[in-house]
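One structure below.
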Amino acid sequence: MRSRVGKRDRANLHGGEHHLTMSAKIRVRFAPSPTGYLHVGGARTALFNWLFARQNGGVFVLRIEDTDLDRSTAESEEGLLRDLRWLGLDWDEGPGIGGPHGPYRQSQRLEIYKKAAHLLVEKGRAYPCFCPEEILEAKRRKAEAEGLPHHYDGTCKRLSREEVKRRIASGEQYAVRMTVPRKDAVLEDLIRGHVEWKAETLGDFIIMRSNGMPVYNFCVVVDDSDMEITHVIRGDDHLTNTHRQLIIYEAMEKPLPLFAHVSMILGSDKTKLSKRHGTTSVGQYAIDGYLPEGMVNFLALLGWSEGNDKELYTRDELVAGFSLGRIGKSAAVFDPVKLSWMNGTHIRQLSPERLAELVAPVLRQAWPQDQRLSDPAFLSKAALLLQNHLEVLKEAPTLLATTLQGGPPENDEAAAALKFPGVDALYAAFLDELGRIEWKREAINEALKAAGKKTSMKGKGLFMPIRVKLTGNCHGPDLGLIIDLLGLEEVRRRLELV
RNA sequence: GGCCCCAUGGUGUAACCGGUUAACACGCAGCCCUCUCAAGGCUGAGAGCGGGGGUUCGAGUCCCCCUGGGGCUACCA
């Protein structure tokens, strides 16, 4: 299905001005830093990249940005990969897979950055800077106090070739600084449209630290360029970084990718989404029994819409319907209530067998001793009974507790149902009917009706005593399903209990 | 402070190049279905499109200003 070309779709076509599009195969990347868990914002960025790649038969690259050695951990990286896999966002190149543009961890690409930086110095687009951090800091403070823009003053740019050579030879430590051209920068962003920065907004900035480690903005450009990324789809927080990156691209004489800056996800109070707003970790949602298809569906609609009323999507439908041009500009509030609802709709779409598979471990954890929970037929029936009641898998034990365990009336209302006149005759009649049928759902319902007829009970008077006697509760799933699940022996046991 | 981005009901979104009573979904209320609870169906309340100026016969949609929120401003990513 082709989506019609709207106002914003047209913005896509501006890509023609850039060098790296049309003929080249589409290549996108998700580049998280392994300094924590995968949060929903990152997941949504990854999803948009993945959808775009899959839709266009492109390549989805996963790159680990771990140049901050202090904060990056292996566990964090593993968690990231695990959660991405859980969401079904498989990558074509990256950790665990490899690919022609590796390595895919920045910590393993140090030589590449060094080479690139030296090349820029040789070309005169960057220069060594010997200024000690403390002095720079002091100058910055002073300028700030006076309310002036605090840009690097260019001290080391004016150094003579000989002096530079001498100081390097003498082992002096130095950073590498970009020479920022006196030229305004322009970005045609696929989502934000035309964005520009005045030249004087930016001073010469560092691309290699004096300890030899590259700086983020530099790595990104070197890697995206090296990995032949055609579309950089990333968070809004990188929009202003693009100014520096544009300058680096130009200095390196590398073709530009297209950029698409996606807005942030906010918490209920419209501030940046954080732990205090509730669960933000994708891994936690997995543990809590959300479905990846529910999560993906929900995330896709946070900032994107096909332009119609459709809200419930399968993965394939998302791949088919997605377009960068229809991503909105404004930040979106993460609404866990709607996520739960949406997850529920996806649970209802599952086959009872599939739901049984998913819910089995949760139930077994709640009742490790219950033998019935290893019987697929039993689980399937349990799933049937749960299906309209679950929003999240982990609710299953609570919902099933009274059915599985039975028990005395839970409150006065339930107790009252057991005192309806003639209930003992009803139990007996019902058990009698049950005893002579072939155990099938329709037959169970027939038996229920027949017992009602025999004892002149119907409606509440018929169902409630049996329901309460069986489960101790006057609310719950369809009574026929409960009886089918429990089986004749168990039903008999519970109904005969005095 | 400087620069950049954003702004439709409580929330997510829709409203094609400006032109019907601003639509859909979540949530909320009610009704129907029903043994109950859900699910499902239906109905309703809820925004006049952050505020103010323009442009126009006509603006949520274009322009300007303001306000609010967010981001960047580092030898963090």
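Starting from 1 in every chain, residues are counted up; chains themselves are A, B, ... following the order of the structure tokens, and ligands are numbered from 1 as listed.
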Excluding Thr471 in chain A and its own-chain neighbours fewer than 2 positions away, which residues fall within 10 Å of it when counting only C-alpha atoms (C1' of nucleotides)? Please give them as a PyMOL selection string. chain A and resi 400-410+414+465-469+473-476+479+482+494
Those residues you just picked out, can you put them in a file as a PDB file, in the first residue's frame with C-alpha atoms?
```pdb
ATOM      1  CA  LEU A 400      -6.304 -17.290  38.083  1.00  0.00           C
ATOM      2  CA  ALA A 401      -5.796 -17.671  41.819  1.00  0.00           C
ATOM      3  CA  THR A 402      -9.364 -18.273  42.924  1.00  0.00           C
ATOM      4  CA  THR A 403     -10.068 -20.549  39.982  1.00  0.00           C
ATOM      5  CA  LEU A 404      -7.016 -22.690  40.547  1.00  0.00           C
ATOM      6  CA  GLN A 405      -7.253 -22.862  44.299  1.00  0.00           C
ATOM      7  CA  GLY A 406     -10.923 -22.572  45.141  1.00  0.00           C
ATOM      8  CA  GLY A 407     -11.684 -21.528  48.684  1.00  0.00           C
ATOM      9  CA  PRO A 408     -14.336 -20.201  51.048  1.00  0.00           C
ATOM     10  CA  PRO A 409     -16.528 -17.246  50.091  1.00  0.00           C
ATOM     11  CA  GLU A 410     -14.403 -14.191  49.812  1.00  0.00           C
ATOM     12  CA  ALA A 414     -20.256 -14.313  47.918  1.00  0.00           C
ATOM     13  CA  PRO A 465     -23.992 -20.488  43.854  1.00  0.00           C
ATOM     14  CA  ILE A 466     -21.970 -22.738  41.595  1.00  0.00           C
ATOM     15  CA  ARG A 467     -19.477 -20.020  40.824  1.00  0.00           C
ATOM     16  CA  VAL A 468     -18.964 -19.136  44.466  1.00  0.00           C
ATOM     17  CA  LYS A 469     -18.868 -22.736  45.568  1.00  0.00           C
ATOM     18  CA  ASN A 473     -15.690 -15.419  44.384  1.00  0.00           C
ATOM     19  CA  CYS A 474     -18.674 -13.895  42.654  1.00  0.00           C
ATOM     20  CA  HIS A 475     -16.607 -12.351  39.885  1.00  0.00           C
ATOM     21  CA  GLY A 476     -14.435 -14.009  37.357  1.00  0.00           C
ATOM     22  CA  LEU A 479     -18.271 -20.152  34.392  1.00  0.00           C
ATOM     23  CA  ILE A 482     -13.829 -22.461  34.652  1.00  0.00           C
ATOM     24  CA  ARG A 494     -15.440 -28.619  45.353  1.00  0.00           C
TER      25      ARG A 494
END
```
Residues near range 6-11 of chain B, cut-off 6 Å, only C-alpha atoms (C1' of nucleotides), skip fewer than 6 positions along chain, as a compact mmCIF listing (two decimals) with N, CA, C and O atoms (P, O5', C5', C4', C3', O3' and C1' of nucleotides), in the first residue's frame:
```
# COMPACT_ATOMS: atom_id res chain seq x y z
N SER A 330 6.89 17.38 17.49
CA SER A 330 6.79 17.72 18.90
C SER A 330 7.08 16.51 19.79
O SER A 330 6.90 15.37 19.39
P G B 46 -18.43 19.48 27.22
O5' G B 46 -16.88 19.12 27.34
C5' G B 46 -16.19 19.31 28.59
C4' G B 46 -14.80 18.76 28.45
C3' G B 46 -14.03 19.30 27.25
O3' G B 46 -13.45 20.55 27.54
C1' G B 46 -13.79 16.95 27.38
P A B 47 -13.69 21.77 26.57
O5' A B 47 -12.44 21.72 25.60
C5' A B 47 -11.12 21.72 26.14
C4' A B 47 -10.13 21.88 25.03
C3' A B 47 -10.34 23.09 24.14
O3' A B 47 -9.68 24.20 24.72
C1' A B 47 -9.72 21.16 22.88
P C B 49 -7.82 28.74 19.64
O5' C B 49 -6.51 27.82 19.60
C5' C B 49 -6.11 26.99 20.72
C4' C B 49 -5.54 25.71 20.15
C3' C B 49 -4.38 25.96 19.20
O3' C B 49 -3.21 25.35 19.78
C1' C B 49 -6.04 24.52 18.21
```
Name the residues in contact with range 245-260 of chain A at a cut-off of 8 Å, using only C-alpha atoms (C1' of nucleotides), excluding same-chain residues fewer than 2 positions from it; report them as a ChimeraX atom specification. /A:15,18-21,120,125,178,180-181,185,188-192,217-218,220-221,225,229-234,241-243,262,324
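When only C-alpha atoms (C1' of nucleotides) are used to measure the gap to chain B, the shortest distance among A:Phe322, A:Phe60, A:Phe52, A:Tyr174 belongs to A:Tyr174.
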Residues of chain A were defined as contacting chain B if any atom lay at most 7 Å from it, counting only C-alpha atoms (C1' of nucleotides); please report them as a CSV table (one decimal) with N, CA and C atoms, in the first residue's frame.
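Saved file part14.csv follows:
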```
chain,number,residue,atom,x,y,z
A,6,GLY,N,2.0,13.5,1.2
A,6,GLY,CA,1.5,14.7,1.9
A,6,GLY,C,2.5,15.8,2.0
A,33,SER,N,25.2,4.0,23.7
A,33,SER,CA,26.4,3.8,24.6
A,33,SER,C,26.0,2.9,25.7
A,147,GLY,N,29.5,37.8,30.5
A,147,GLY,CA,28.4,37.6,29.6
A,147,GLY,C,28.8,37.6,28.2
A,149,PRO,N,30.4,35.5,24.7
A,149,PRO,CA,30.5,34.2,24.2
A,149,PRO,C,31.9,33.6,24.5
A,175,ALA,N,45.9,18.3,22.4
A,175,ALA,CA,44.6,17.9,21.9
A,175,ALA,C,44.6,18.3,20.4
A,201,THR,N,28.7,31.3,15.9
A,201,THR,CA,28.1,30.6,17.0
A,201,THR,C,29.0,29.6,17.6
A,206,ILE,N,37.4,20.7,20.1
A,206,ILE,CA,38.4,19.6,20.1
A,206,ILE,C,37.8,18.4,19.5
A,209,ARG,N,41.2,14.3,22.4
A,209,ARG,CA,41.6,14.8,23.7
A,209,ARG,C,43.1,14.6,23.8
A,210,SER,N,43.7,15.4,24.8
A,210,SER,CA,45.1,15.3,25.0
A,210,SER,C,45.6,13.9,25.5
A,216,TYR,N,33.3,12.4,21.1
A,216,TYR,CA,32.0,11.9,20.5
A,216,TYR,C,31.7,12.4,19.1
A,237,ASP,N,18.2,15.5,20.8
A,237,ASP,CA,19.2,16.0,21.6
A,237,ASP,C,20.5,16.1,20.8
A,240,THR,N,21.7,20.0,17.7
A,240,THR,CA,22.8,21.0,17.6
A,240,THR,C,24.2,20.4,17.5
A,241,ASN,N,24.3,19.2,17.8
A,241,ASN,CA,25.6,18.6,17.6
A,241,ASN,C,25.9,18.5,16.1
A,302,LEU,N,4.4,6.6,19.0
A,302,LEU,CA,4.8,7.7,19.8
A,302,LEU,C,5.6,8.7,18.9
A,305,SER,N,2.6,8.6,12.8
A,305,SER,CA,1.3,8.1,12.5
A,305,SER,C,1.2,8.0,11.0
A,307,GLY,N,-1.1,8.7,9.3
A,307,GLY,CA,-2.0,9.8,8.7
A,307,GLY,C,-3.4,9.4,8.7
A,308,ASN,N,-3.7,8.2,9.2
A,308,ASN,CA,-5.1,7.8,9.3
A,308,ASN,C,-5.5,7.4,10.7
A,309,ASP,N,-6.6,6.7,10.9
A,309,ASP,CA,-7.0,6.4,12.3
A,309,ASP,C,-6.4,5.1,12.8
A,329,LYS,N,7.0,16.5,14.9
A,329,LYS,CA,8.1,17.3,15.4
A,329,LYS,C,8.0,17.5,16.9
A,330,SER,N,6.9,17.4,17.5
A,330,SER,CA,6.8,17.7,18.9
A,330,SER,C,7.1,16.5,19.8
A,333,VAL,N,4.5,12.6,25.2
A,333,VAL,CA,4.4,12.1,26.6
A,333,VAL,C,4.2,10.6,26.6
A,335,ASP,N,2.7,7.4,27.8
A,335,ASP,CA,1.5,7.1,28.6
A,335,ASP,C,1.4,5.6,28.9
A,338,LYS,N,-1.9,3.7,28.3
A,338,LYS,CA,-2.2,3.3,26.9
A,338,LYS,C,-1.4,2.2,26.4
A,388,ASN,N,-9.2,-12.5,27.8
A,388,ASN,CA,-9.9,-11.2,27.8
A,388,ASN,C,-9.7,-10.4,29.1
A,389,HIS,N,-8.9,-11.0,30.0
A,389,HIS,CA,-8.7,-10.3,31.3
A,389,HIS,C,-7.3,-9.7,31.5
A,459,GLY,N,-30.4,-17.8,35.6
A,459,GLY,CA,-29.7,-16.6,35.8
A,459,GLY,C,-28.8,-16.6,37.0
A,460,LYS,N,-28.8,-15.6,37.8
A,460,LYS,CA,-28.0,-15.5,38.9
A,460,LYS,C,-28.1,-16.6,39.9
A,463,PHE,N,-26.2,-19.6,38.4
A,463,PHE,CA,-24.8,-19.5,38.2
A,463,PHE,C,-24.0,-19.1,39.5
A,464,MET,N,-24.6,-18.2,40.2
A,464,MET,CA,-23.8,-17.7,41.3
A,464,MET,C,-23.4,-18.7,42.4
A,474,CYS,N,-17.5,-14.1,43.6
A,474,CYS,CA,-18.7,-13.9,42.7
A,474,CYS,C,-18.3,-13.2,41.3
A,475,HIS,N,-17.0,-12.9,41.2
A,475,HIS,CA,-16.6,-12.4,39.9
A,475,HIS,C,-15.6,-13.3,39.3
A,476,GLY,N,-15.5,-13.2,38.0
A,476,GLY,CA,-14.4,-14.0,37.4
A,476,GLY,C,-14.8,-14.3,35.9
A,477,PRO,N,-14.0,-15.2,35.3
A,477,PRO,CA,-14.2,-15.5,33.9
A,477,PRO,C,-15.5,-16.3,33.7
```
CA of Ile64 in chain A and CA of Arg105 in chain A, how far apart in Å? 4.7 Å
What residues in range 68-290 of chain A get the DSSP label strand (DSSP E or B)? Please answer as a PyMOL selection string. chain A and resi 93-94+98+105+126-129+175-178+185-189+193-197+206-208+214+231-235+258-262+265-266+272+281
For those residues, write N, CA, C and O atoms to a file as a compact mmCIF listing (two decimals), in the first residue's frame.
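Once everything was written out, this is result17.txt:
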```
# COMPACT_ATOMS: atom_id res chain seq x y z
N GLU A 93 24.49 -5.72 10.73
CA GLU A 93 25.93 -5.59 10.99
C GLU A 93 26.06 -5.10 12.42
O GLU A 93 25.30 -4.24 12.85
N GLY A 94 27.06 -5.60 13.11
CA GLY A 94 27.27 -5.15 14.47
C GLY A 94 27.78 -6.25 15.37
O GLY A 94 28.16 -7.32 14.87
N GLY A 98 29.21 -9.05 13.09
CA GLY A 98 30.31 -8.54 12.27
C GLY A 98 29.80 -7.80 11.07
O GLY A 98 28.67 -7.32 11.08
N ARG A 105 32.51 -1.60 17.67
CA ARG A 105 32.62 -0.95 18.98
C ARG A 105 33.65 0.16 18.86
O ARG A 105 34.76 -0.07 18.40
N ALA A 126 42.56 21.03 10.89
CA ALA A 126 42.59 20.90 12.35
C ALA A 126 44.01 21.15 12.81
O ALA A 126 44.92 21.15 11.98
N TYR A 127 44.20 21.41 14.08
CA TYR A 127 45.56 21.72 14.55
C TYR A 127 45.77 21.26 15.98
O TYR A 127 44.80 21.16 16.75
N PRO A 128 47.01 20.98 16.32
CA PRO A 128 47.31 20.57 17.69
C PRO A 128 47.12 21.75 18.63
O PRO A 128 47.44 22.88 18.27
N CYS A 129 46.61 21.48 19.81
CA CYS A 129 46.40 22.54 20.79
C CYS A 129 47.02 22.11 22.11
O CYS A 129 46.69 21.06 22.65
N ALA A 175 45.90 18.31 22.44
CA ALA A 175 44.60 17.91 21.90
C ALA A 175 44.58 18.31 20.43
O ALA A 175 45.45 19.04 19.97
N VAL A 176 43.58 17.82 19.69
CA VAL A 176 43.45 18.26 18.30
C VAL A 176 42.15 19.04 18.17
O VAL A 176 41.09 18.60 18.62
N ARG A 177 42.28 20.21 17.58
CA ARG A 177 41.15 21.10 17.44
C ARG A 177 40.76 21.32 15.98
O ARG A 177 41.63 21.49 15.13
N MET A 178 39.47 21.33 15.72
CA MET A 178 39.00 21.67 14.38
C MET A 178 39.12 23.17 14.14
O MET A 178 38.86 23.95 15.05
N ALA A 185 26.27 27.26 8.65
CA ALA A 185 25.99 25.86 8.35
C ALA A 185 24.49 25.68 8.14
O ALA A 185 23.68 26.30 8.83
N VAL A 186 24.14 24.85 7.19
CA VAL A 186 22.73 24.62 6.89
C VAL A 186 22.43 23.13 6.90
O VAL A 186 23.19 22.33 6.38
N LEU A 187 21.31 22.81 7.52
CA LEU A 187 20.86 21.42 7.57
C LEU A 187 19.44 21.36 7.03
O LEU A 187 18.58 22.13 7.46
N GLU A 188 19.20 20.45 6.09
CA GLU A 188 17.83 20.18 5.68
C GLU A 188 17.42 18.88 6.36
O GLU A 188 17.67 17.80 5.85
N ASP A 189 16.83 19.02 7.51
CA ASP A 189 16.49 17.83 8.29
C ASP A 189 15.18 17.23 7.78
O ASP A 189 14.24 17.95 7.48
N GLY A 193 13.03 20.05 9.05
CA GLY A 193 13.08 21.01 7.95
C GLY A 193 14.39 21.77 7.95
O GLY A 193 15.42 21.25 8.34
N HIS A 194 14.30 23.02 7.54
CA HIS A 194 15.49 23.85 7.37
C HIS A 194 16.00 24.36 8.73
O HIS A 194 15.27 25.01 9.46
N VAL A 195 17.25 24.07 9.03
CA VAL A 195 17.86 24.56 10.26
C VAL A 195 19.21 25.16 9.90
O VAL A 195 19.95 24.58 9.11
N GLU A 196 19.50 26.34 10.46
CA GLU A 196 20.85 26.86 10.18
C GLU A 196 21.50 27.50 11.37
O GLU A 196 20.84 27.95 12.30
N TRP A 197 22.82 27.54 11.33
CA TRP A 197 23.61 28.11 12.41
C TRP A 197 24.57 29.13 11.84
O TRP A 197 25.22 28.89 10.81
N ILE A 206 37.43 20.74 20.05
CA ILE A 206 38.35 19.61 20.15
C ILE A 206 37.76 18.35 19.54
O ILE A 206 36.58 18.05 19.74
N ILE A 207 38.56 17.63 18.78
CA ILE A 207 38.11 16.34 18.26
C ILE A 207 38.92 15.17 18.85
O ILE A 207 38.44 14.05 18.87
N MET A 208 40.16 15.48 19.29
CA MET A 208 40.93 14.46 20.01
C MET A 208 41.41 15.04 21.33
O MET A 208 41.98 16.13 21.36
N PRO A 214 39.40 10.04 21.23
CA PRO A 214 38.59 10.91 20.38
C PRO A 214 37.35 11.41 21.12
O PRO A 214 36.93 10.79 22.09
N HIS A 231 21.31 7.48 6.19
CA HIS A 231 20.30 8.24 6.92
C HIS A 231 20.60 8.16 8.41
O HIS A 231 20.59 7.07 8.96
N VAL A 232 20.85 9.30 9.00
CA VAL A 232 21.09 9.32 10.44
C VAL A 232 19.78 9.68 11.13
O VAL A 232 19.33 10.81 11.10
N ILE A 233 19.16 8.67 11.71
CA ILE A 233 17.90 8.88 12.42
C ILE A 233 18.21 8.77 13.91
O ILE A 233 18.63 7.72 14.37
N ARG A 234 18.07 9.86 14.63
CA ARG A 234 18.50 9.87 16.02
C ARG A 234 17.68 10.87 16.82
O ARG A 234 16.85 11.57 16.29
N GLY A 235 17.96 10.94 18.10
CA GLY A 235 17.22 11.82 18.99
C GLY A 235 17.52 13.29 18.74
O GLY A 235 18.59 13.67 18.28
N LEU A 258 21.72 11.86 5.10
CA LEU A 258 20.52 12.63 5.40
C LEU A 258 20.28 12.52 6.91
O LEU A 258 20.58 11.51 7.51
N PHE A 259 19.72 13.57 7.48
CA PHE A 259 19.48 13.55 8.92
C PHE A 259 17.99 13.60 9.22
O PHE A 259 17.24 14.28 8.52
N ALA A 260 17.61 12.88 10.26
CA ALA A 260 16.22 12.94 10.73
C ALA A 260 16.27 12.96 12.25
O ALA A 260 16.64 11.97 12.88
N HIS A 261 15.93 14.10 12.83
CA HIS A 261 15.99 14.22 14.28
C HIS A 261 14.61 14.06 14.91
O HIS A 261 13.72 14.87 14.68
N VAL A 262 14.49 13.00 15.67
CA VAL A 262 13.23 12.62 16.29
C VAL A 262 13.12 13.27 17.67
O VAL A 262 14.09 13.30 18.41
N ILE A 265 11.04 11.80 24.19
CA ILE A 265 9.87 11.27 24.89
C ILE A 265 9.87 11.85 26.30
O ILE A 265 10.90 11.89 26.96
N LEU A 266 8.73 12.35 26.70
CA LEU A 266 8.62 13.01 28.00
C LEU A 266 7.82 12.18 29.00
O LEU A 266 7.10 11.27 28.63
N LYS A 272 11.68 15.63 30.76
CA LYS A 272 12.34 14.48 30.15
C LYS A 272 12.02 13.20 30.92
O LYS A 272 12.09 13.17 32.15
N SER A 281 12.69 1.19 31.48
CA SER A 281 13.60 0.20 30.95
C SER A 281 12.85 -0.86 30.14
O SER A 281 11.92 -1.48 30.63
```
Which polymer residues have any atom within 10 Å of an atom of Ala116 in chain A, counting only C-alpha atoms (C1' of nucleotides), with same-chain residues fewer than 3 positions away left out, as number ranges by chain? A: 110-113, 119-122, 218-219, 222, 252
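Excluding A59 in chain B itself and any same-chain residue fewer than 2 positions from it, the protein and nucleic acid residues within 10 Å of it, counting only C-alpha atoms (C1' of nucleotides), are G18, G19, U55, U56, U61 and C62 of chain B.
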